[in-house]
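Engineer: Let me begin by handing over the structure; questions about it come next.
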Amino acid sequence: MMSEVEPYLSQEQKSLRARVRDFAREEIAPLTARMEEAGTHVDLIIPALLAGQGWTGVLIPEEPYRGMGAGHVAKMLLIQELSYWSGAAGAILQASLIPALALQVLGSPEQRAQWLPQIAAGLWATIAVTEPDAGSDILGMTSTAYPKRDGSWVLDGHKCFVGNSHIAGLHLVVARTGAPGSRGQRVLSAFLVEADRDGITLQLPSHIGLRGFSAGTLLLDNVTVPAANLLGEEGQGMTAAYGASMVCGRPNLAAVALGLHQRLLDETTAFVTTRPRRGGHLSDNRVVRNRVAEIRHGLITSELAVYHASALLDRSVPCDAALLNAKLTAKRTAAAAAQQAADLFGGYATRTDHPFARLDRDIRHIAAPAGPDDIQLHHLGEATLGTERDQWSQRFTAPSTTQATSVA
Ligand SMILES: Cc1cc2nc3c(=O)[nH]c(=O)nc-3n(C[C@H](O)[C@H](O)[C@H](O)COP(=O)(O)OP(=O)(O)OC[C@H]3O[C@@H](n4cnc5c(N)ncnc54)[C@H](O)[C@@H]3O)c2cc1C
C-alpha cells in the first residue's frame, strides 16, 4: 500500500525509504521471533546493524562531522520503516537521535567535534531525564550535580526509563545544579557522561514490550566529570531536556507508532481477507470492512500529521503545535487501531504466538515517552491560548539540521 506522503518526498527520500525498507525486511525481520522469545533483554545485533548503515547520523551534518545531514523527514522514514518490522529497532534508533540533536544545538565546537563524528559512526547515546518520582514534572527531579574547586562536577542520582541504557557509550544526564526544591527555568544543567565513568550502575527492569530495547535504570553514585562535559551553559538542562523532547522525541515516538500501526493494518487485512466465513471471507461482512476502514482512517490521519510536522522542521517553520499534535495523533490512532484489530482477531488476539500480541504490547510503549496524552494536550492548550512563552521548534534548532533536502 502506497504511503500517503510518497508523492511529497524528494527522490533522495524515496531512495532512502526503499533502502531502509529492503534492509528492515531482510536484516531486521528475521530477528524478531528470537527477540520476542527472549523477553526483556538487551539486543546487540540490531544496534550493530543500524550503526553499520550510518543512520545514527541522520540529522548530523556531513561536513564536518561525517553524518548524513538528511533532515527530519528522512529521520521519520527510517524510524517508521524499521518499526514496521520491529518496534524495538525503531526505538533503538530514535532514542539515540534525541541526545545527538541536543549536542548539535547546545554543544560547544569542541564537544561537537569530539562526539558527533563518533555518534555518526555508530556510538549510541541516551538522554537521561526521568526519575522514579519525576517524569512529566522535569523540574521535580532530585538528581544533583555539584561543582568541585577544580571546575569538575560530581553527579548523584537515579534515572529510570533511559532509552538505550545498556548499549550507550555516552549518557546525556540532566541534573539539578540549583538549590534543592527550587523550580526556576535554570535550576537544571545537562552533562555528557561517558558510560565507563566510575560510579555508574545499570539495571534493566522488565517491560511488557519493545523486547530487545533497553529502557533501563541509571544509578549515578559520586560520578565525576570534567568541566568540559557540561553541555552548553550551567542552567541549560531544561532546554536540553525539553527542547530535544519537543523537536526530536515527539516526532520520533510518532514514527515508531506509524510503523506499528501500518503493520497492524497489514496483519488485520491479511487475516480478514483469508479467514473463511460462510463460503466467503470475514472481509465480506460490512461491519468488518468498516473496522478495517477505521484502522486505515487513523493511519492516514496520523501519517499526514506526523510528516507535516517533520516537513515544517526541515523548512525551519515554528511548529510546536504540529509536533504536539503529531505525537498525540500517532499514539491515539495506533492505540485505537489496536483495539479494532483485537476485536477482529477474535480469540487469536489472546494468543501469545499471534503477531497481534507483539504489536499490541509495543504500541502501549508509545504512550509515555516524550509525554503522555495529557501533557501533549496541556501544551497544545497553552500554544492555542497564547500562554506558551515561545516555540521550542524555533529556539531548539542547529543550523546544520536545516540543510536537509526537504519534502518537495
Ligand atoms: C519505552 C519508554 C522509553 C522512555 N525513554 C526515556 C528516555 O530515553 N529518557 C528519559 O528521560 N525518559 C524516558 N522515558 C520516560 C518518559 O519520558 C516518562 O514516562 C514520561 O515523561 C511520563 O512520566 P511518568 O511516567 O513519570 O508519568 P507522570 O509524569 O507521573 O504522569 C502520569 C500521568 O499523570 C497525568 N499527569 C501528569 N502530569 C500532568 C499534567 N501536568 N497535566 C495533566 N495530567 C498530568 C497524566 O495522565 C500522566 O499520564 C521513557 C518511557 C518509556 C515507557
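Labels used: A, B, ... for chains in the order of the C-alpha cells, numbers from 1 for residues in each chain, and numbers from 1 for ligands as shown.
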Write out as a tab-separated table (two decimals) with N, CA and C atoms, in the first residue's frame the residues lying within 8 Å of Leu82 of chain A, counting only C-alpha atoms and excluding same-chain residues fewer than 2 positions away.

Structural biologist:
```tsv
chain	number	residue	atom	x	y	z
A	20	VAL	N	15.83	1.50	3.33
A	20	VAL	CA	15.58	1.04	4.70
A	20	VAL	C	14.49	-0.04	4.70
A	21	ARG	N	13.56	0.06	3.74
A	21	ARG	CA	12.50	-0.96	3.66
A	21	ARG	C	13.11	-2.32	3.35
A	24	ALA	N	15.21	-3.51	6.38
A	24	ALA	CA	14.41	-3.95	7.53
A	24	ALA	C	13.79	-5.33	7.26
A	28	ILE	N	16.26	-7.16	9.64
A	28	ILE	CA	15.63	-7.00	10.97
A	28	ILE	C	14.52	-8.03	11.19
A	78	LEU	N	13.17	6.51	8.28
A	78	LEU	CA	13.99	5.44	8.86
A	78	LEU	C	13.27	4.78	10.04
A	79	ILE	N	12.78	5.61	10.95
A	79	ILE	CA	12.17	5.05	12.17
A	79	ILE	C	10.89	4.30	11.84
A	80	GLN	N	10.08	4.87	10.96
A	80	GLN	CA	8.81	4.22	10.61
A	80	GLN	C	9.06	2.86	9.95
A	84	TYR	N	8.10	-0.92	11.42
A	84	TYR	CA	7.13	-1.80	10.76
A	84	TYR	C	7.48	-3.27	11.06
A	85	TRP	N	8.77	-3.56	11.07
A	85	TRP	CA	9.19	-4.95	11.35
A	85	TRP	C	9.53	-5.18	12.81
A	86	SER	N	10.00	-4.12	13.48
A	86	SER	CA	10.40	-4.28	14.89
A	86	SER	C	10.31	-2.93	15.59
A	87	GLY	N	9.36	-2.83	16.51
A	87	GLY	CA	9.25	-1.60	17.30
A	87	GLY	C	10.53	-1.34	18.07
A	89	ALA	N	13.59	-2.05	17.12
A	89	ALA	CA	14.62	-1.48	16.23
A	89	ALA	C	14.37	0.02	16.04
A	90	GLY	N	13.11	0.38	15.82
A	90	GLY	CA	12.79	1.80	15.67
A	90	GLY	C	13.10	2.57	16.94
A	259	GLY	N	4.91	3.03	12.21
A	259	GLY	CA	5.37	1.73	11.70
A	259	GLY	C	4.54	0.59	12.27
```

Engineer: For ligand 1, return the neighbouring residues as a CSV table (one decimal) with N, CA and C atoms, in the first residue's frame (distance at most 9 Å; only C-alpha atoms and all ligand atoms).

Structural biologist:
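File selection_30.csv, as written:
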```
chain,number,residue,atom,x,y,z
A,91,ALA,N,12.8,2.0,18.1
A,91,ALA,CA,13.0,2.6,19.4
A,91,ALA,C,14.5,2.8,19.6
A,95,ALA,N,16.0,6.7,20.0
A,95,ALA,CA,16.4,7.1,21.4
A,95,ALA,C,17.8,7.8,21.3
A,96,SER,N,18.6,7.4,20.4
A,96,SER,CA,20.0,8.0,20.3
A,96,SER,C,19.9,9.3,19.6
A,98,ILE,N,17.9,11.7,19.9
A,98,ILE,CA,17.5,12.8,20.8
A,98,ILE,C,18.7,13.5,21.4
A,99,PRO,N,19.5,12.8,22.2
A,99,PRO,CA,20.7,13.4,22.7
A,99,PRO,C,21.7,13.9,21.6
A,126,THR,N,22.3,8.2,25.1
A,126,THR,CA,21.0,8.3,25.8
A,126,THR,C,20.7,9.7,26.2
A,127,ILE,N,19.5,10.0,26.6
A,127,ILE,CA,19.1,11.2,27.3
A,127,ILE,C,18.5,10.7,28.6
A,128,ALA,N,19.1,11.0,29.7
A,128,ALA,CA,18.6,10.5,31.0
A,128,ALA,C,18.0,11.7,31.8
A,129,VAL,N,16.7,11.8,31.8
A,129,VAL,CA,16.0,12.9,32.4
A,129,VAL,C,15.0,12.3,33.5
A,130,THR,N,14.2,11.3,33.2
A,130,THR,CA,13.2,10.8,34.0
A,130,THR,C,13.8,10.2,35.3
A,131,GLU,N,13.1,10.4,36.4
A,131,GLU,CA,13.4,9.8,37.7
A,131,GLU,C,12.2,9.1,38.3
A,132,PRO,N,12.4,8.2,39.3
A,132,PRO,CA,11.2,7.5,39.8
A,132,PRO,C,10.1,8.4,40.2
A,133,ASP,N,10.4,9.5,40.8
A,133,ASP,CA,9.3,10.4,41.2
A,133,ASP,C,9.2,11.7,40.4
A,134,ALA,N,9.8,11.7,39.2
A,134,ALA,CA,9.7,12.9,38.4
A,134,ALA,C,9.8,12.5,36.9
A,135,GLY,N,8.7,12.4,36.3
A,135,GLY,CA,8.6,12.1,34.8
A,135,GLY,C,8.2,13.4,34.1
A,136,SER,N,6.9,13.6,33.9
A,136,SER,CA,6.4,14.8,33.2
A,136,SER,C,6.9,16.0,33.9
A,137,ASP,N,7.0,15.9,35.2
A,137,ASP,CA,7.4,17.1,36.0
A,137,ASP,C,8.9,17.1,36.1
A,138,ILE,N,9.5,17.6,35.0
A,138,ILE,CA,11.0,17.6,35.0
A,138,ILE,C,11.6,18.4,36.1
A,159,LYS,N,18.2,7.7,37.6
A,159,LYS,CA,17.4,7.9,36.4
A,159,LYS,C,16.8,6.6,35.9
A,160,CYS,N,15.6,6.7,35.5
A,160,CYS,CA,14.9,5.5,35.0
A,160,CYS,C,14.3,5.7,33.6
A,161,PHE,N,13.9,4.6,33.0
A,161,PHE,CA,13.3,4.6,31.6
A,161,PHE,C,14.3,5.2,30.7
A,162,VAL,N,15.6,4.9,30.8
A,162,VAL,CA,16.6,5.6,30.0
A,162,VAL,C,16.8,4.7,28.7
A,163,GLY,N,16.2,5.3,27.6
A,163,GLY,CA,16.3,4.5,26.3
A,163,GLY,C,17.7,4.3,25.8
A,164,ASN,N,18.1,3.0,25.5
A,164,ASN,CA,19.4,2.6,25.1
A,164,ASN,C,20.4,2.6,26.3
A,165,SER,N,19.9,2.5,27.5
A,165,SER,CA,20.7,2.5,28.7
A,165,SER,C,21.9,1.5,28.6
A,173,VAL,N,23.1,13.4,30.8
A,173,VAL,CA,22.3,13.4,32.0
A,173,VAL,C,21.9,14.8,32.4
A,174,VAL,N,20.6,15.0,32.8
A,174,VAL,CA,20.2,16.3,33.3
A,174,VAL,C,20.0,16.1,34.8
A,207,HIS,N,10.0,-5.1,31.0
A,207,HIS,CA,8.9,-4.3,30.3
A,207,HIS,C,8.0,-5.3,29.5
A,209,GLY,N,6.9,-4.9,26.5
A,209,GLY,CA,7.1,-5.0,25.0
A,209,GLY,C,8.5,-4.4,24.6
A,210,LEU,N,8.5,-4.0,23.4
A,210,LEU,CA,9.8,-3.5,22.8
A,210,LEU,C,11.0,-4.4,23.2
A,213,PHE,N,15.0,-3.7,23.3
A,213,PHE,CA,15.3,-2.3,23.5
A,213,PHE,C,15.5,-2.1,25.0
A,214,SER,N,16.6,-1.5,25.4
A,214,SER,CA,16.9,-1.3,26.8
A,214,SER,C,16.3,0.0,27.2
A,215,ALA,N,15.4,0.0,28.2
A,215,ALA,CA,14.9,1.3,28.8
A,215,ALA,C,15.2,1.1,30.3
A,216,GLY,N,16.4,1.2,30.6
A,216,GLY,CA,16.8,0.8,32.0
A,216,GLY,C,17.0,1.9,32.9
A,241,ALA,N,16.6,19.1,27.9
A,241,ALA,CA,15.6,18.0,28.1
A,241,ALA,C,14.3,18.3,27.3
A,245,SER,N,13.1,16.9,23.5
A,245,SER,CA,11.9,16.1,23.6
A,245,SER,C,10.9,16.6,22.6
A,249,GLY,N,12.1,14.0,20.2
A,249,GLY,CA,11.4,12.9,20.9
A,249,GLY,C,9.9,12.7,20.4
A,362,ASP,N,3.8,-3.5,22.0
A,362,ASP,CA,4.7,-2.4,21.6
A,362,ASP,C,4.0,-1.1,21.5
A,364,ARG,N,1.7,0.0,23.3
A,364,ARG,CA,1.5,0.6,24.6
A,364,ARG,C,2.7,1.4,25.1
A,365,HIS,N,3.9,1.0,24.5
A,365,HIS,CA,5.1,1.7,24.9
A,365,HIS,C,5.2,3.1,24.3
A,366,ILE,N,4.3,3.4,23.4
A,366,ILE,CA,4.4,4.8,22.8
A,366,ILE,C,3.8,5.8,23.7
A,367,ALA,N,2.9,5.4,24.6
A,367,ALA,CA,2.2,6.4,25.4
A,367,ALA,C,3.0,7.4,26.2
A,368,ALA,N,3.9,6.8,27.0
A,368,ALA,CA,4.6,7.7,28.0
A,368,ALA,C,5.8,8.5,27.4
A,369,PRO,N,6.7,7.9,26.6
A,369,PRO,CA,7.9,8.6,26.2
A,369,PRO,C,7.6,9.9,25.5
A,370,ALA,N,8.3,11.0,25.7
A,370,ALA,CA,8.1,12.3,25.1
A,370,ALA,C,6.7,12.8,25.5
A,371,GLY,N,6.2,12.3,26.6
A,371,GLY,CA,5.0,12.9,27.2
A,371,GLY,C,3.7,12.1,26.9
A,372,PRO,N,3.0,11.8,28.0
A,372,PRO,CA,1.7,11.2,27.8
A,372,PRO,C,0.6,12.1,27.1
A,373,ASP,N,-0.5,11.6,26.7
A,373,ASP,CA,-1.5,12.4,26.0
A,373,ASP,C,-1.9,13.7,26.8
A,374,ASP,N,-2.0,13.6,28.1
A,374,ASP,CA,-2.4,14.7,28.9
A,374,ASP,C,-1.4,15.9,28.8
A,375,ILE,N,-0.2,15.5,28.7
A,375,ILE,CA,0.9,16.5,28.6
A,375,ILE,C,0.9,17.2,27.2
A,376,GLN,N,0.6,16.4,26.2
A,376,GLN,CA,0.5,17.0,24.8
A,376,GLN,C,-0.6,18.0,24.8
A,377,LEU,N,-1.8,17.5,25.4
A,377,LEU,CA,-2.9,18.4,25.5
A,377,LEU,C,-2.7,19.7,26.3
A,378,HIS,N,-2.0,19.5,27.4
A,378,HIS,CA,-1.7,20.6,28.2
A,378,HIS,C,-0.9,21.7,27.4
A,379,HIS,N,0.1,21.2,26.7
A,379,HIS,CA,1.0,22.2,25.9
A,379,HIS,C,0.2,22.7,24.7
```

Engineer: Among segment 153-296 of chain A, which ones does DSSP assign to strand (DSSP E) (computed from the backbone)? Answer as a PyMOL selection string.

Structural biologist: chain A and resi 153-163+170-176+188-194+200-203+215-225+230-231+276-277+280-281

Engineer: Store the residues of this selection in a file with N, CA and C atoms, as a CSV table (one decimal), in the first residue's frame.

Structural biologist:
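To be explicit, this is the file written out as selection22.csv:
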```csv
chain,number,residue,atom,x,y,z
A,153,TRP,N,32.6,18.3,37.9
A,153,TRP,CA,31.3,18.2,38.5
A,153,TRP,C,31.1,16.8,39.1
A,154,VAL,N,30.4,16.7,40.2
A,154,VAL,CA,30.1,15.4,40.8
A,154,VAL,C,28.6,15.1,40.7
A,155,LEU,N,28.2,14.0,40.0
A,155,LEU,CA,26.8,13.7,39.8
A,155,LEU,C,26.3,12.6,40.7
A,156,ASP,N,25.1,12.8,41.3
A,156,ASP,CA,24.5,11.7,42.1
A,156,ASP,C,23.0,11.7,41.7
A,157,GLY,N,22.5,10.5,41.5
A,157,GLY,CA,21.1,10.4,41.2
A,157,GLY,C,20.6,9.1,40.7
A,158,HIS,N,19.3,9.1,40.4
A,158,HIS,CA,18.6,7.8,40.0
A,158,HIS,C,17.8,8.2,38.8
A,159,LYS,N,18.2,7.7,37.6
A,159,LYS,CA,17.4,7.9,36.4
A,159,LYS,C,16.8,6.6,35.9
A,160,CYS,N,15.6,6.7,35.5
A,160,CYS,CA,14.9,5.5,35.0
A,160,CYS,C,14.3,5.7,33.6
A,161,PHE,N,13.9,4.6,33.0
A,161,PHE,CA,13.3,4.6,31.6
A,161,PHE,C,14.3,5.2,30.7
A,162,VAL,N,15.6,4.9,30.8
A,162,VAL,CA,16.6,5.6,30.0
A,162,VAL,C,16.8,4.7,28.7
A,163,GLY,N,16.2,5.3,27.6
A,163,GLY,CA,16.3,4.5,26.3
A,163,GLY,C,17.7,4.3,25.8
A,170,LEU,N,27.6,6.9,25.7
A,170,LEU,CA,27.5,8.3,26.2
A,170,LEU,C,26.1,8.6,26.7
A,171,HIS,N,26.1,9.1,27.9
A,171,HIS,CA,24.8,9.5,28.5
A,171,HIS,C,24.7,11.0,28.6
A,172,LEU,N,23.6,11.6,28.2
A,172,LEU,CA,23.4,13.0,28.4
A,172,LEU,C,22.5,13.1,29.6
A,173,VAL,N,23.1,13.4,30.8
A,173,VAL,CA,22.3,13.4,32.0
A,173,VAL,C,21.9,14.8,32.4
A,174,VAL,N,20.6,15.0,32.8
A,174,VAL,CA,20.2,16.3,33.3
A,174,VAL,C,20.0,16.1,34.8
A,175,ALA,N,20.7,17.1,35.5
A,175,ALA,CA,20.7,17.1,36.9
A,175,ALA,C,20.5,18.5,37.5
A,176,ARG,N,20.2,18.5,38.8
A,176,ARG,CA,19.9,19.8,39.4
A,176,ARG,C,21.2,20.4,39.8
A,188,LEU,N,18.4,23.4,36.4
A,188,LEU,CA,18.9,22.2,35.9
A,188,LEU,C,20.0,22.4,34.9
A,189,SER,N,20.9,21.5,34.8
A,189,SER,CA,22.0,21.6,33.8
A,189,SER,C,22.2,20.2,33.2
A,190,ALA,N,22.8,20.2,32.0
A,190,ALA,CA,23.0,18.9,31.3
A,190,ALA,C,24.5,18.6,31.2
A,191,PHE,N,24.8,17.3,31.3
A,191,PHE,CA,26.2,16.8,31.3
A,191,PHE,C,26.4,15.7,30.4
A,192,LEU,N,27.5,15.6,29.8
A,192,LEU,CA,27.9,14.5,28.9
A,192,LEU,C,28.7,13.5,29.8
A,193,VAL,N,28.1,12.4,30.0
A,193,VAL,CA,28.7,11.4,31.0
A,193,VAL,C,29.1,10.1,30.2
A,194,GLU,N,30.4,9.9,30.1
A,194,GLU,CA,30.8,8.7,29.4
A,194,GLU,C,30.4,7.4,30.1
A,200,ILE,N,28.9,4.5,37.9
A,200,ILE,CA,27.6,4.3,37.2
A,200,ILE,C,27.2,2.8,37.3
A,201,THR,N,26.0,2.6,37.7
A,201,THR,CA,25.4,1.2,37.7
A,201,THR,C,24.1,1.2,36.8
A,202,LEU,N,24.0,0.1,36.1
A,202,LEU,CA,22.8,-0.1,35.2
A,202,LEU,C,21.9,-1.2,35.7
A,203,GLN,N,20.6,-1.0,35.6
A,203,GLN,CA,19.7,-2.1,35.9
A,203,GLN,C,18.7,-2.1,34.8
A,215,ALA,N,15.4,0.0,28.2
A,215,ALA,CA,14.9,1.3,28.8
A,215,ALA,C,15.2,1.1,30.3
A,216,GLY,N,16.4,1.2,30.6
A,216,GLY,CA,16.8,0.8,32.0
A,216,GLY,C,17.0,1.9,32.9
A,217,THR,N,17.6,1.5,34.1
A,217,THR,CA,17.8,2.4,35.2
A,217,THR,C,19.3,2.8,35.2
A,218,LEU,N,19.6,4.1,35.4
A,218,LEU,CA,21.0,4.5,35.5
A,218,LEU,C,21.2,5.1,36.9
A,219,LEU,N,22.0,4.5,37.7
A,219,LEU,CA,22.3,5.0,39.0
A,219,LEU,C,23.6,5.7,39.0
A,220,LEU,N,23.7,6.9,39.5
A,220,LEU,CA,24.9,7.7,39.5
A,220,LEU,C,25.3,7.9,40.9
A,221,ASP,N,26.5,7.4,41.3
A,221,ASP,CA,26.9,7.5,42.7
A,221,ASP,C,28.3,8.2,42.7
A,222,ASN,N,28.3,9.5,42.9
A,222,ASN,CA,29.6,10.2,43.0
A,222,ASN,C,30.4,10.1,41.7
A,223,VAL,N,29.7,10.3,40.6
A,223,VAL,CA,30.3,10.2,39.3
A,223,VAL,C,30.9,11.6,38.9
A,224,THR,N,32.2,11.6,38.7
A,224,THR,CA,32.9,12.9,38.4
A,224,THR,C,33.1,13.0,36.9
A,225,VAL,N,32.8,14.2,36.4
A,225,VAL,CA,33.1,14.5,35.0
A,225,VAL,C,33.8,15.9,35.0
A,230,LEU,N,30.2,19.7,30.8
A,230,LEU,CA,28.9,20.5,31.0
A,230,LEU,C,28.4,20.8,29.5
A,231,LEU,N,27.2,20.5,29.2
A,231,LEU,CA,26.6,20.7,27.9
A,231,LEU,C,26.0,22.1,27.9
A,276,PRO,N,-12.0,-17.9,6.5
A,276,PRO,CA,-13.3,-18.3,5.8
A,276,PRO,C,-14.5,-18.0,6.6
A,277,ARG,N,-15.5,-17.6,5.9
A,277,ARG,CA,-16.8,-17.4,6.6
A,277,ARG,C,-18.0,-17.5,5.6
A,280,GLY,N,-17.4,-17.5,2.0
A,280,GLY,CA,-16.5,-16.4,1.6
A,280,GLY,C,-15.5,-16.1,2.7
A,281,HIS,N,-15.3,-14.8,3.0
A,281,HIS,CA,-14.3,-14.5,4.0
A,281,HIS,C,-14.8,-13.5,4.9
```

Engineer: Determine the nearest neighbour of Ala334 of chain A from the options A:Ala311, A:Ala321, A:Glu294, A:Ser143, counting only C-alpha atoms.

Structural biologist: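 Looking only at the distances to Ala334 of chain A, the closest residue turns out to be A:Glu294.
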
Engineer: Tell me, in Å to one decimal, how far atom CA of Arg358 of chain A is from atom CA of Ala29 of chain A.

Structural biologist: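 That distance, rounded to one decimal, is 13.0 Å.
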